[in-house]
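Each remark here refers to the structure printed beneath this line.
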Amino acid sequence: MTSDPFFLQPGLDQEIRPGKDGSDGSFTCSCCGLPSPGAGLPWTGPSSGAGLRVCQVCNLLQDTSRAAIDAEAMLVWWPEISQSRLMFLVRTAHQTLRLMARQQGQSDRQFWDTVLKAIPDPLLGTQFSPSFRTPMTLLRLLESRRAEAEHRLQSGSIRQITTAMRLCGSADEAVQRNLALLRAGLRILPTGRLLDAGADVYPTFLDKALALTPS
């Protein structure tokens, strides 16, 4: 999309801390504000300022043309919540679900995939313990605004919307107003998947992030 469409709010801690075991270390994501593994990815949007780093999940906001984006995220219509706040909520919910799964000895990919399928389907969620209910309810609430985004755009594909917005005649004042309205209300919601060469690396990312938080 054109120029920083999801309004990253910079200003959080940028310090990169060496890992205790000689690993890649950790940092605070400039978007969601959560402790994140590695050194992060540079934010390149025009609102950035020098040196802003974002986690792999928040990096989806500036990579909406990537081949896997429609599996990794969805568009929701939620003008009342900032993009950075939404990223905080969804990553916190995903980390909570991942921690619960690990505590029950269910850290394999198949179980994580079942958890994700149960978010839009409450009937599937009945197979999980009551402790899963709160983060799943939050994620269902966030996903509930997907229908409004699809109704307004007549498409649920982030890649299609990205292409359409880039091809708009933005020199036209009416088009500029419509684009501003869309950017003010559209948000990207991660789905709980992060694909790298066809493999879902999100569970591993969550495990590394959880290791940064004192138990």
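Note on naming: chains are A, B, ... as they come in the structure tokens, residues start from 1 per chain, ligands start from 1 in the order shown.
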
TODO: Could you tell me, as an NGL selection string, which residues of segment 39-198 of chain A DSSP assigns to alpha helix (DSSP H) when given the backbone?
DONE: :A and (69-72 or 83-103 or 109-118 or 122-125 or 133-143 or 146-153 or 158-167 or 173-185)

Open item on the list: Residues near segment 160-176 of chain A, anyone? I mean within 12 Å using only C-alpha atoms, not counting same-chain ones fewer than 2 positions away, as a VMD selection string.
Closed with: chain A and resid 1 to 3 5 to 6 61 to 67 69 to 70 74 to 75 149 to 150 152 to 158 178 to 183 186 188

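Interatomic distance, atom CA of Ser36 of chain A against atom CA of Ala209 of chain A: 5.3 Å.
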
Show me a table, sorted first by chain and then by increasing residue number, of the residues of segment 47-165 of chain A having an atom at most 10 Å from segment 24-29 of chain A, each with its shortest atom pair and the distance in Å to one decimal, counting only C-alpha atoms and written as a Markdown table.
| residue | atom | partner | partner_atom | distance |
| --- | --- | --- | --- | --- |
| A:Leu52 | CA | A:Cys29 | CA | 8.3 |
| A:Arg53 | CA | A:Cys29 | CA | 6.1 |
| A:Val54 | CA | A:Cys29 | CA | 4.6 |
| A:Cys55 | CA | A:Cys29 | CA | 5.5 |
| A:Gln56 | CA | A:Cys29 | CA | 9.3 |
| A:Val57 | CA | A:Cys29 | CA | 9.7 |
| A:Cys58 | CA | A:Cys29 | CA | 8.1 |
| A:Asn59 | CA | A:Cys29 | CA | 9.9 |
| A:Phe88 | CA | A:Cys29 | CA | 9.8 |

Produce a file of the selected residues containing N, CA and C atoms, as a PDB file, in the first residue's frame.
ATOM      1  N   LEU A  52      13.904   2.468  13.811  1.00  0.00           N
ATOM      2  CA  LEU A  52      12.766   1.721  14.345  1.00  0.00           C
ATOM      3  C   LEU A  52      12.838   0.268  13.890  1.00  0.00           C
ATOM      4  N   ARG A  53      12.577  -0.656  14.829  1.00  0.00           N
ATOM      5  CA  ARG A  53      12.610  -2.084  14.532  1.00  0.00           C
ATOM      6  C   ARG A  53      11.262  -2.693  14.917  1.00  0.00           C
ATOM      7  N   VAL A  54      10.779  -3.583  14.073  1.00  0.00           N
ATOM      8  CA  VAL A  54       9.508  -4.259  14.361  1.00  0.00           C
ATOM      9  C   VAL A  54       9.706  -5.768  14.323  1.00  0.00           C
ATOM     10  N   CYS A  55       8.830  -6.480  15.016  1.00  0.00           N
ATOM     11  CA  CYS A  55       8.903  -7.941  15.043  1.00  0.00           C
ATOM     12  C   CYS A  55       8.399  -8.514  13.721  1.00  0.00           C
ATOM     13  N   GLN A  56       8.575  -9.826  13.534  1.00  0.00           N
ATOM     14  CA  GLN A  56       8.158 -10.467  12.292  1.00  0.00           C
ATOM     15  C   GLN A  56       6.666 -10.326  12.048  1.00  0.00           C
ATOM     16  N   VAL A  57       5.881 -10.316  13.107  1.00  0.00           N
ATOM     17  CA  VAL A  57       4.432 -10.217  12.956  1.00  0.00           C
ATOM     18  C   VAL A  57       4.050  -8.806  12.504  1.00  0.00           C
ATOM     19  N   CYS A  58       4.558  -7.786  13.186  1.00  0.00           N
ATOM     20  CA  CYS A  58       4.231  -6.409  12.810  1.00  0.00           C
ATOM     21  C   CYS A  58       4.818  -6.036  11.454  1.00  0.00           C
ATOM     22  N   ASN A  59       5.833  -6.740  11.014  1.00  0.00           N
ATOM     23  CA  ASN A  59       6.398  -6.489   9.688  1.00  0.00           C
ATOM     24  C   ASN A  59       5.388  -6.776   8.580  1.00  0.00           C
ATOM     25  N   PHE A  88      -0.784  -5.527  19.488  1.00  0.00           N
ATOM     26  CA  PHE A  88      -0.494  -5.920  20.866  1.00  0.00           C
ATOM     27  C   PHE A  88      -1.517  -6.948  21.362  1.00  0.00           C
TER      28      PHE A  88
END

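Note that the spacing between atom CA of Arg140 of chain A and atom CA of Asp121 of chain A amounts to 8.9 Å.
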
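Across segment 6-132 of chain A, DSSP run on the backbone finds strand (DSSP E or B) at Ile16, Arg17, Ser26, Phe27, Thr28, Pro35, Ser36, Pro37, Leu41, Pro42, Arg53, Val54, Ala73, Met74, Leu75, Val76 and Trp77 of chain A.
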
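Counting only C-alpha atoms, the residue from A:Arg91, A:Arg109, A:Lys208, A:Arg193 that sits nearest to Pro135 of chain A is A:Arg91.
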
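The residue that comes closest to Ile119 of chain A, out of A:Thr96, A:Gln106, A:Ser84, A:Thr191 and on the basis of only C-alpha atoms, is A:Thr191.
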
Open item on the list: Give me the residues near Ser129 of chain A as a list in words, where near means some atom within 10 Å (using only C-alpha atoms) and where sequence neighbours in that chain fewer than 3 positions away do not count.
Closed with: Met100, Gln104, Gly125, Thr126, Phe132 and Arg133 of chain A

Since we have the selection now, will you write its residues out, keeping N, CA and C atoms, as a PDB file, in the first residue's frame?
ATOM      1  N   MET A 100      -0.494 -21.965  27.065  1.00  0.00           N
ATOM      2  CA  MET A 100      -1.427 -22.967  27.579  1.00  0.00           C
ATOM      3  C   MET A 100      -1.237 -24.311  26.879  1.00  0.00           C
ATOM      4  N   GLN A 104       0.096 -27.954  28.595  1.00  0.00           N
ATOM      5  CA  GLN A 104      -0.644 -29.203  28.490  1.00  0.00           C
ATOM      6  C   GLN A 104       0.072 -30.236  27.624  1.00  0.00           C
ATOM      7  N   GLY A 125     -14.074 -25.258  19.560  1.00  0.00           N
ATOM      8  CA  GLY A 125     -13.444 -24.800  20.787  1.00  0.00           C
ATOM      9  C   GLY A 125     -13.891 -25.550  22.026  1.00  0.00           C
ATOM     10  N   THR A 126     -15.004 -26.300  21.939  1.00  0.00           N
ATOM     11  CA  THR A 126     -15.497 -27.024  23.121  1.00  0.00           C
ATOM     12  C   THR A 126     -14.568 -28.159  23.537  1.00  0.00           C
ATOM     13  N   PHE A 132      -8.675 -21.865  27.831  1.00  0.00           N
ATOM     14  CA  PHE A 132      -8.496 -21.351  26.481  1.00  0.00           C
ATOM     15  C   PHE A 132      -9.573 -20.332  26.106  1.00  0.00           C
ATOM     16  N   ARG A 133     -10.632 -20.274  26.895  1.00  0.00           N
ATOM     17  CA  ARG A 133     -11.808 -19.519  26.494  1.00  0.00           C
ATOM     18  C   ARG A 133     -11.547 -18.017  26.349  1.00  0.00           C
TER      19      ARG A 133
END
